[in-house]
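Asker: Below is a structure I'd like to ask you about.
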Amino acid sequence: MVTSLRTHVCGELRASHAGETVRLGGWVHRSRDLGGLVFIDLRDRSGLVQLSFGPAWSSADAIAAAAAVGVESVVLVEGIVVERTEAQRNSDMATGDVDVQVTSVRVVGPAETPAFPVAPAKSDKLPSEELRLRHRYLDLRRSELQRSLMLRHRLMQSTRRFLDARGFLELETPILTKPTPEGARDYLVPSRVHAGEFYALPQSPQIYKQLFMCAGYDRYFQIARCFRDEDLRADRQPEFTQIDIEASFVGQEDILSVAEQLIRELWGTAGVPAQSPFPRMTYAHAMEHYGCDRPDLRYDLQLHDMTSVFATSDLPFLQAAIARGERVRGLRVPGGGTMSRKQTDELEQLAKGAGASGLLVIKCTTEGLDGKVAKSLAAGAGDALGLNAGDLGLYVTGADHFASPALDRIRQSVAQRLQLIPQNTHAFVIVTDFPMFERDPVTGVLGAVHHPFTAPHPDDISLLGSTPERARALAYDIVYDGLELGGGSIRISDPALQARIFSLLGIDDATANARFGFLLEALRSGAPPHGGIAFGLDRIAMLLSGATSLRDVIAFPKTTAARALFEGAPSPVPPDDLAELSLRVANRSEVVA
RNA sequence: GGAGGCGUAGCUCAGUUUGGUUAGAGCACUCGACUGUCACUCGAGAGGUCGCGGGUUCGAGCCCCGUCGCUUCCGCCA
């Protein structure tokens with residue numbers, strides 16, 4: 001940090017430095033001109049320190065310069081660290097016990113009035129996202145973003161140290177790679193040399209890391225940039241970073257063990273507690289009891305099967321549903337009886353929006369059950385439903401693949417409305433035994449839940465020929481507060497099994513060879529058992545820094561329209577550039593030459 | 001692709017409901033005063049394509065149509 005231009009950084013000065021002559025460089029954070037005295041809060045990435053200018057120790061020129069310099073200008077100063085008197089101390093600042101009495105000052109980087117305040121008043125809101133992105137160099141000066149990016153750096157270094165110490169090799173994979181029709185849309189890069197042909201930017205290094213395993217690099221990791229051309233969200237950017245891990249001669253437990261330790265390491269780096277071991281849950285259990293594959297275990301609102309209780313009701317639509325083999329599932333909301341009719345109506349709308357046919361609402365009061373369906377239930381149904389006075393029961397009937405997501409939405413909404421989510425508490429869970437396949441609800445075609453290289457559970461190989469949709473995979477996710485931190489699987493290392501899975505997915509030999517031939521060849525050349533996992537680094541950095549948007553942990557993010565406002569990408573290119581790539585833009589009228 | 005929110009001074013916003021004189025406030029900025037401030041204080045001043053285009057109207061920041069940008073969600077994201 002010490003250079004030929006400075007002896008210290010702003011944030012490190014303490015009373016113990018009193019009497020030392022120091023040279024500092026930094027940005028003018030704020031200044032206060034009292035006439036005879038001028039104070040400047042000088043900022044660098046280490047923090048703030050107060051410079052003081054006064055006639056007893058500064059030249060008249062220095063005082064004049066200090067009074068005139070604008071905020072966000074860069075200055076070099078030399079001065080003496082002095083301990084402040086008791087009355088002058090500022091306990092809100094780490095350096096608040098000292099001033100630097102400046103003897104000389106040089107404005108080396110004068111600043112125009114910034115487009116928005118870098119040092120906002122406490123009452124100020126943040127400027128608009130658009131402005132922050134357009135002037136990203138200013139936004140990045142704010143302490144929140146500096147803290148987030150510094151945390152992100154520490155997380156990356158922790159990852160490297162942790163994995164290096166365990167024998168993982170950091171290996172790079174191509175950015176210019178092969179288009180994959182599966183999964184997300186690819187970003188394509190035209191080839192100049194080969195007219196009409198395209199590279200794709202990688203959606204993940206999946207196949208490459210499997211090739212490393214086939215090549216004997218039996219522990220690999222990479223902090224890998226990935227690209228997916230899909231619409232954005234607050235937690236989704238078109239380019240993002242994964243902590244990508246793969247290892248050979250491993251089973252599921254080996255990977256999960258490393259993953260859990262790495263997560264503990266990262267949480268430790270951020271100073272956030274992480275209890276371990278992480279609880280485990282199968283996919284089937286998660287869907288049955290929480291209605292989703294990434295349950296938020298910070299609160300306990302579980303779904304229960306109440307079919308038998310409602311079977312005794314005399315409501316025709318319920319009888320019909322149960323006769324069709326549908327179940328009635330729902331949740332008991334302790335203390336939910338306080339919810340108004342309007343609120344429960346909103347819950348019903350939410351359930352319908354998520355695909356449910358409706359929502360049965362039963363309130364349990366000291367006088368008994370209350371609600372449209374309550375009187376149709378047999379006496380004592382309240383006990384069977386497990387409802388106590390003051391509770392609310394919410395029930396959905398329907399096929400599980402409609403009812404479960406709907407119940408999940410209701411769970412989450414109720415937890416929020418009734419503030420059942422404890423603050424400063426976090427919950428990990430490892431979800432295992434994901435299904436291999438899911439059927440497209442419209443076409444009935446099988447698709448891979450994870451990806452087509454995922455190994456089936458050894459106990460379920462026999463199901464592949466009969467009911468493949470019931471087969472489980474050796475695939476797993478690590479979930480934190482209801483968010484997916486990462487996921488992975490044991491891969492198929494047997495080329496015959498891989499061919500069989502492709503066939504089930506409707507990928508014929510010729511197609512498989514054209515798309516994944518290089519992987520299949522490698523599998524035939526002597527492939528060790530292998531598997532891995534990938535974590536979303538951006539999301540982890542976001543969670544651990546307390547940011548609410550991925551944009552606040554990525555130095556130069558894209559807008560929700562996938563534009564880079566600062567540098568102005570994407571942009572049209574001159575016709576000559578297109579010609580060299582053998583490209584023509586379809587609708588020329590829309591292109592600004 | 002769809003639905004919602006936002007767009008007024010450099011920044012954050014009020015004003016739009018019910019169209020009507022010169023579009024306001026705080027902060028920032030400029031000038032002046034001030035020797036212990038730390039969101040310094042006080043005085044004065046400057047600062048506007050009401051996102052853009054079109055329409056209705058005697059008259060539009062306000063109403064209508066279109067469009068652009070930012071954002072949240074749904075679809076999408078093996």
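So you can find residues: chains in the structure tokens are A, B, ... in the order shown, residues in each start at 1, and ligands are numbered from 1 in order.
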Once you count only C-alpha atoms (C1' of nucleotides), which residues of chain A turn out to be within 8 Å of chain B? Could you give them as a ChimeraX atom specification?
Answerer: /A:32-37,39,54,88,90,113-117,121-122,124-130,182-184,228,230-231,447-452,559-560
Asker: So which residues of range 36-164 of chain A fall under strand (DSSP E) by DSSP, listed as a ChimeraX atom specification?
Answerer: /A:38-44,47-53,74-83,98-109
Asker: If you run DSSP on the backbone here, which positions in range 370-490 of chain A get alpha helix (DSSP H)? Please write them as a PyMOL selection string.
Answerer: chain A and resi 381-385+400-417+463-466
Asker: Mind dumping the selected residues with C-alpha atoms as a short mmCIF file (atom, residue, chain, number, x, y, z; two decimals), in the first residue's frame?
Answerer:
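Okay, again.cif is ready:
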data_model
loop_
_atom_site.label_atom_id
_atom_site.label_comp_id
_atom_site.auth_asym_id
_atom_site.auth_seq_id
_atom_site.Cartn_x
_atom_site.Cartn_y
_atom_site.Cartn_z
CA ALA A 381 -62.58 -32.70 11.96
CA GLY A 382 -60.69 -29.89 13.67
CA ASP A 383 -58.79 -32.44 15.71
CA ALA A 384 -58.08 -34.51 12.62
CA LEU A 385 -56.77 -31.43 10.85
CA ASP A 400 -49.40 -32.88 -7.14
CA HIS A 401 -47.60 -31.14 -9.97
CA PHE A 402 -50.17 -28.33 -9.78
CA ALA A 403 -50.94 -28.43 -6.08
CA SER A 404 -47.36 -28.52 -4.83
CA PRO A 405 -46.14 -25.28 -6.41
CA ALA A 406 -49.38 -23.58 -5.38
CA LEU A 407 -48.98 -24.70 -1.80
CA ASP A 408 -45.38 -23.53 -1.88
CA ARG A 409 -46.45 -20.06 -2.96
CA ILE A 410 -48.97 -19.97 -0.13
CA ARG A 411 -46.38 -21.16 2.37
CA GLN A 412 -44.00 -18.41 1.36
CA SER A 413 -46.65 -15.73 1.33
CA VAL A 414 -48.04 -16.71 4.72
CA ALA A 415 -44.57 -16.86 6.21
CA GLN A 416 -43.94 -13.33 4.97
CA ARG A 417 -47.28 -11.88 5.99
CA LEU A 463 -36.67 -48.24 -14.10
CA LEU A 464 -35.05 -46.71 -17.18
CA GLY A 465 -36.63 -49.29 -19.42
CA SER A 466 -40.10 -49.15 -17.87
#
Asker: Got a sec: who's within 6 Å of Asp97 in chain A, counting only C-alpha atoms (C1' of nucleotides), leaving out chain neighbours fewer than 5 positions off, as an NGL selection string?
Answerer: :A and (15 or 83-84 or 89)
Asker: The selected residues should be written to file as a short mmCIF file (atom, residue, chain, number, x, y, z; two decimals), in the first residue's frame (atoms: N, CA, C and O atoms).
Answerer:
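This is the output file part.cif:
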data_model
loop_
_atom_site.label_atom_id
_atom_site.label_comp_id
_atom_site.auth_asym_id
_atom_site.auth_seq_id
_atom_site.Cartn_x
_atom_site.Cartn_y
_atom_site.Cartn_z
N ALA A 15 -4.57 6.91 16.91
CA ALA A 15 -3.86 7.78 17.85
C ALA A 15 -2.39 7.37 17.99
O ALA A 15 -1.53 8.21 18.25
N GLU A 83 -3.38 13.84 17.63
CA GLU A 83 -4.50 13.29 18.38
C GLU A 83 -5.49 14.41 18.66
O GLU A 83 -5.10 15.52 19.01
N ARG A 84 -6.75 14.14 18.49
CA ARG A 84 -7.75 15.17 18.75
C ARG A 84 -7.99 15.29 20.25
O ARG A 84 -7.77 14.33 21.01
N ARG A 89 -13.21 14.46 19.27
CA ARG A 89 -13.21 13.09 18.75
C ARG A 89 -14.54 12.76 18.08
O ARG A 89 -15.59 13.25 18.48
#
Asker: Closest to Leu565 in chain A among A:Arg45, A:His135, A:His457, A:Lys352, using only C-alpha atoms?
Answerer: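 That would be A:His135, the residue with the smallest distance to Leu565 in chain A.
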Asker: Using only C-alpha atoms for the distances, tell me which of A:Leu155, A:Ile80, A:Ala555, A:Leu369 is nearest to Asp99 in chain A.
Answerer: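 Selected residue with least distance to Asp99 in chain A: A:Ile80.
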Asker: Can you tell me, as a PDB file with all heavy atoms, in the first residue's frame, what residues are no more than 12 Å from range 66-68 of chain B when counting only C-alpha atoms (C1' of nucleotides), ignoring any on the same chain fewer than 3 positions away?
Answerer:
ATOM      1  P     G B   7     -42.406   9.240 -11.901  1.00  0.00           P
ATOM      2  OP1   G B   7     -42.357  10.376 -10.960  1.00  0.00           O
ATOM      3  OP2   G B   7     -43.618   8.975 -12.708  1.00  0.00           O
ATOM      4  O5'   G B   7     -41.192   9.387 -12.914  1.00  0.00           O
ATOM      5  C5'   G B   7     -39.867   9.437 -12.438  1.00  0.00           C
ATOM      6  C4'   G B   7     -38.895   9.553 -13.592  1.00  0.00           C
ATOM      7  O4'   G B   7     -39.078   8.414 -14.471  1.00  0.00           O
ATOM      8  C3'   G B   7     -39.103  10.808 -14.444  1.00  0.00           C
ATOM      9  O3'   G B   7     -37.839  11.324 -14.861  1.00  0.00           O
ATOM     10  C2'   G B   7     -39.844  10.279 -15.669  1.00  0.00           C
ATOM     11  O2'   G B   7     -39.613  11.021 -16.830  1.00  0.00           O
ATOM     12  C1'   G B   7     -39.255   8.869 -15.801  1.00  0.00           C
ATOM     13  N9    G B   7     -40.158   7.977 -16.514  1.00  0.00           N
ATOM     14  C8    G B   7     -41.391   7.544 -16.094  1.00  0.00           C
ATOM     15  N7    G B   7     -41.985   6.782 -16.976  1.00  0.00           N
ATOM     16  C5    G B   7     -41.089   6.716 -18.038  1.00  0.00           C
ATOM     17  C6    G B   7     -41.179   6.044 -19.281  1.00  0.00           C
ATOM     18  O6    G B   7     -42.101   5.350 -19.715  1.00  0.00           O
ATOM     19  N1    G B   7     -40.049   6.239 -20.066  1.00  0.00           N
ATOM     20  C2    G B   7     -38.968   6.992 -19.697  1.00  0.00           C
ATOM     21  N2    G B   7     -37.974   7.069 -20.580  1.00  0.00           N
ATOM     22  N3    G B   7     -38.865   7.629 -18.541  1.00  0.00           N
ATOM     23  C4    G B   7     -39.955   7.449 -17.764  1.00  0.00           C
ATOM     24  P     G B  51     -41.241  13.834 -18.408  1.00  0.00           P
ATOM     25  OP1   G B  51     -42.523  13.798 -19.132  1.00  0.00           O
ATOM     26  OP2   G B  51     -41.034  13.080 -17.165  1.00  0.00           O
ATOM     27  O5'   G B  51     -40.095  13.463 -19.448  1.00  0.00           O
ATOM     28  C5'   G B  51     -38.736  13.761 -19.171  1.00  0.00           C
ATOM     29  C4'   G B  51     -37.875  13.127 -20.219  1.00  0.00           C
ATOM     30  O4'   G B  51     -37.901  11.684 -20.034  1.00  0.00           O
ATOM     31  C3'   G B  51     -38.342  13.343 -21.644  1.00  0.00           C
ATOM     32  O3'   G B  51     -37.892  14.569 -22.184  1.00  0.00           O
ATOM     33  C2'   G B  51     -37.755  12.128 -22.366  1.00  0.00           C
ATOM     34  O2'   G B  51     -36.371  12.331 -22.619  1.00  0.00           O
ATOM     35  C1'   G B  51     -37.894  11.045 -21.293  1.00  0.00           C
ATOM     36  N9    G B  51     -39.147  10.296 -21.429  1.00  0.00           N
ATOM     37  C8    G B  51     -40.165  10.234 -20.514  1.00  0.00           C
ATOM     38  N7    G B  51     -41.155   9.487 -20.907  1.00  0.00           N
ATOM     39  C5    G B  51     -40.761   9.014 -22.155  1.00  0.00           C
ATOM     40  C6    G B  51     -41.416   8.146 -23.066  1.00  0.00           C
ATOM     41  O6    G B  51     -42.512   7.599 -22.947  1.00  0.00           O
ATOM     42  N1    G B  51     -40.657   7.936 -24.204  1.00  0.00           N
ATOM     43  C2    G B  51     -39.432   8.487 -24.438  1.00  0.00           C
ATOM     44  N2    G B  51     -38.861   8.169 -25.610  1.00  0.00           N
ATOM     45  N3    G B  51     -38.796   9.299 -23.608  1.00  0.00           N
ATOM     46  C4    G B  51     -39.518   9.510 -22.486  1.00  0.00           C
ATOM     47  P     C B  52     -38.821  15.408 -23.196  1.00  0.00           P
ATOM     48  OP1   C B  52     -38.118  16.686 -23.461  1.00  0.00           O
ATOM     49  OP2   C B  52     -40.212  15.409 -22.685  1.00  0.00           O
ATOM     50  O5'   C B  52     -38.796  14.531 -24.521  1.00  0.00           O
ATOM     51  C5'   C B  52     -37.598  14.309 -25.241  1.00  0.00           C
ATOM     52  C4'   C B  52     -37.862  13.386 -26.404  1.00  0.00           C
ATOM     53  O4'   C B  52     -38.232  12.078 -25.893  1.00  0.00           O
ATOM     54  C3'   C B  52     -39.034  13.772 -27.288  1.00  0.00           C
ATOM     55  O3'   C B  52     -38.702  14.759 -28.237  1.00  0.00           O
ATOM     56  C2'   C B  52     -39.412  12.435 -27.918  1.00  0.00           C
ATOM     57  O2'   C B  52     -38.505  12.096 -28.942  1.00  0.00           O
ATOM     58  C1'   C B  52     -39.197  11.487 -26.744  1.00  0.00           C
ATOM     59  N1    C B  52     -40.440  11.271 -25.967  1.00  0.00           N
ATOM     60  C2    C B  52     -41.394  10.383 -26.481  1.00  0.00           C
ATOM     61  O2    C B  52     -41.180   9.835 -27.561  1.00  0.00           O
ATOM     62  N3    C B  52     -42.538  10.174 -25.792  1.00  0.00           N
ATOM     63  C4    C B  52     -42.738  10.799 -24.629  1.00  0.00           C
ATOM     64  N4    C B  52     -43.887  10.559 -23.991  1.00  0.00           N
ATOM     65  C5    C B  52     -41.786  11.710 -24.088  1.00  0.00           C
ATOM     66  C6    C B  52     -40.665  11.915 -24.782  1.00  0.00           C
ATOM     67  P     G B  53     -39.858  15.769 -28.735  1.00  0.00           P
ATOM     68  OP1   G B  53     -39.188  16.748 -29.620  1.00  0.00           O
ATOM     69  OP2   G B  53     -40.643  16.227 -27.569  1.00  0.00           O
ATOM     70  O5'   G B  53     -40.802  14.850 -29.627  1.00  0.00           O
ATOM     71  C5'   G B  53     -40.312  14.304 -30.838  1.00  0.00           C
ATOM     72  C4'   G B  53     -41.361  13.450 -31.503  1.00  0.00           C
ATOM     73  O4'   G B  53     -41.649  12.304 -30.677  1.00  0.00           O
ATOM     74  C3'   G B  53     -42.729  14.103 -31.691  1.00  0.00           C
ATOM     75  O3'   G B  53     -42.777  14.980 -32.797  1.00  0.00           O
ATOM     76  C2'   G B  53     -43.616  12.887 -31.871  1.00  0.00           C
ATOM     77  O2'   G B  53     -43.469  12.331 -33.165  1.00  0.00           O
ATOM     78  C1'   G B  53     -43.005  11.920 -30.861  1.00  0.00           C
ATOM     79  N9    G B  53     -43.704  11.995 -29.565  1.00  0.00           N
ATOM     80  C8    G B  53     -43.320  12.668 -28.422  1.00  0.00           C
ATOM     81  N7    G B  53     -44.169  12.541 -27.444  1.00  0.00           N
ATOM     82  C5    G B  53     -45.175  11.737 -27.970  1.00  0.00           C
ATOM     83  C6    G B  53     -46.373  11.247 -27.378  1.00  0.00           C
ATOM     84  O6    G B  53     -46.794  11.433 -26.229  1.00  0.00           O
ATOM     85  N1    G B  53     -47.119  10.469 -28.260  1.00  0.00           N
ATOM     86  C2    G B  53     -46.746  10.201 -29.564  1.00  0.00           C
ATOM     87  N2    G B  53     -47.585   9.446 -30.266  1.00  0.00           N
ATOM     88  N3    G B  53     -45.636  10.640 -30.130  1.00  0.00           N
ATOM     89  C4    G B  53     -44.903  11.400 -29.274  1.00  0.00           C
ATOM     90  P     G B  54     -43.846  16.191 -32.777  1.00  0.00           P
ATOM     91  OP1   G B  54     -43.653  16.937 -34.039  1.00  0.00           O
ATOM     92  OP2   G B  54     -43.755  16.893 -31.474  1.00  0.00           O
ATOM     93  O5'   G B  54     -45.246  15.422 -32.824  1.00  0.00           O
ATOM     94  C5'   G B  54     -45.737  14.925 -34.066  1.00  0.00           C
ATOM     95  C4'   G B  54     -46.935  14.041 -33.856  1.00  0.00           C
ATOM     96  O4'   G B  54     -46.696  13.113 -32.764  1.00  0.00           O
ATOM     97  C3'   G B  54     -48.234  14.723 -33.450  1.00  0.00           C
ATOM     98  O3'   G B  54     -48.877  15.394 -34.516  1.00  0.00           O
ATOM     99  C2'   G B  54     -49.025  13.540 -32.911  1.00  0.00           C
ATOM    100  O2'   G B  54     -49.503  12.727 -33.970  1.00  0.00           O
ATOM    101  C1'   G B  54     -47.930  12.773 -32.161  1.00  0.00           C
ATOM    102  N9    G B  54     -47.925  13.187 -30.744  1.00  0.00           N
ATOM    103  C8    G B  54     -47.006  13.957 -30.078  1.00  0.00           C
ATOM    104  N7    G B  54     -47.318  14.135 -28.812  1.00  0.00           N
ATOM    105  C5    G B  54     -48.505  13.435 -28.648  1.00  0.00           C
ATOM    106  C6    G B  54     -49.330  13.259 -27.503  1.00  0.00           C
ATOM    107  O6    G B  54     -49.173  13.692 -26.362  1.00  0.00           O
ATOM    108  N1    G B  54     -50.456  12.483 -27.784  1.00  0.00           N
ATOM    109  C2    G B  54     -50.749  11.942 -29.015  1.00  0.00           C
ATOM    110  N2    G B  54     -51.866  11.231 -29.102  1.00  0.00           N
ATOM    111  N3    G B  54     -49.985  12.095 -30.090  1.00  0.00           N
ATOM    112  C4    G B  54     -48.900  12.849 -29.833  1.00  0.00           C
ATOM    113  P     G B  55     -49.763  16.709 -34.164  1.00  0.00           P
ATOM    114  OP1   G B  55     -50.232  17.263 -35.455  1.00  0.00           O
ATOM    115  OP2   G B  55     -49.000  17.559 -33.216  1.00  0.00           O
ATOM    116  O5'   G B  55     -51.016  16.097 -33.384  1.00  0.00           O
ATOM    117  C5'   G B  55     -51.940  15.258 -34.059  1.00  0.00           C
ATOM    118  C4'   G B  55     -52.916  14.638 -33.097  1.00  0.00           C
ATOM    119  O4'   G B  55     -52.203  14.051 -31.977  1.00  0.00           O
ATOM    120  C3'   G B  55     -53.897  15.593 -32.430  1.00  0.00           C
ATOM    121  O3'   G B  55     -54.978  15.944 -33.271  1.00  0.00           O
ATOM    122  C2'   G B  55     -54.337  14.766 -31.212  1.00  0.00           C
ATOM    123  O2'   G B  55     -55.277  13.774 -31.592  1.00  0.00           O
ATOM    124  C1'   G B  55     -53.030  14.066 -30.832  1.00  0.00           C
ATOM    125  N9    G B  55     -52.342  14.764 -29.734  1.00  0.00           N
ATOM    126  C8    G B  55     -51.169  15.478 -29.795  1.00  0.00           C
ATOM    127  N7    G B  55     -50.807  15.965 -28.632  1.00  0.00           N
ATOM    128  C5    G B  55     -51.810  15.554 -27.761  1.00  0.00           C
ATOM    129  C6    G B  55     -51.973  15.782 -26.361  1.00  0.00           C
ATOM    130  O6    G B  55     -51.253  16.403 -25.592  1.00  0.00           O
ATOM    131  N1    G B  55     -53.135  15.184 -25.874  1.00  0.00           N
ATOM    132  C2    G B  55     -54.021  14.463 -26.632  1.00  0.00           C
ATOM    133  N2    G B  55     -55.082  13.964 -26.007  1.00  0.00           N
ATOM    134  N3    G B  55     -53.884  14.241 -27.938  1.00  0.00           N
ATOM    135  C4    G B  55     -52.760  14.814 -28.423  1.00  0.00           C
TER     136        G B  55
END
Asker: Can you pull out every residue within 12 Å of A60 in chain B, counting only C-alpha atoms (C1' of nucleotides), but drop anything in the same chain fewer than 3 positions away, and send it as a PDB file with C-alpha atoms (C1' of nucleotides), in the first residue's frame?
Answerer:
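Once everything was written out, this is part30.pdb:
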ATOM      1  C1'   U B  16     -50.861  14.779 -12.437  1.00  0.00           C
ATOM      2  C1'   G B  19     -56.000  20.883 -17.625  1.00  0.00           C
ATOM      3  C1'   G B  20     -55.586  27.509 -16.260  1.00  0.00           C
ATOM      4  C1'   C B  50     -41.652  18.086 -17.167  1.00  0.00           C
ATOM      5  C1'   G B  55     -53.030  14.066 -30.832  1.00  0.00           C
ATOM      6  C1'   U B  56     -57.370  16.475 -28.100  1.00  0.00           C
ATOM      7  C1'   U B  57     -58.074  21.592 -26.316  1.00  0.00           C
ATOM      8  C1'   C B  63     -56.065  13.923 -20.712  1.00  0.00           C
ATOM      9  C1'   C B  64     -55.493  10.291 -25.225  1.00  0.00           C
TER      10        C B  64
END
Asker: How many Å lie between CA of Thr366 in chain A and CA of Thr338 in chain A, rounded to one decimal?
Answerer: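 Between CA of Thr366 in chain A and CA of Thr338 in chain A the gap works out to 13.0 Å.
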Asker: Could you jot down the CA of Gln419 in chain A to CA of Tyr299 in chain A separation for me, Å, one decimal place?
Answerer: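 Computing the Euclidean distance for CA of Gln419 in chain A and CA of Tyr299 in chain A yields 9.7 Å.
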Asker: As a PyMOL selection string, please: the residues near range 322-328 of chain A (cut-off 12 Å, only C-alpha atoms (C1' of nucleotides), same-chain neighbours under 2 positions excluded).
Answerer: chain A and resi 288+303-320+330-331+356-360+385+393-404+407
Asker: In Å to one decimal, how far is CA of Gln222 in chain A from CA of Leu176 in chain A?
Answerer: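 Atom-to-atom, CA of Leu176 in chain A to CA of Gln222 in chain A, that is 16.2 Å.
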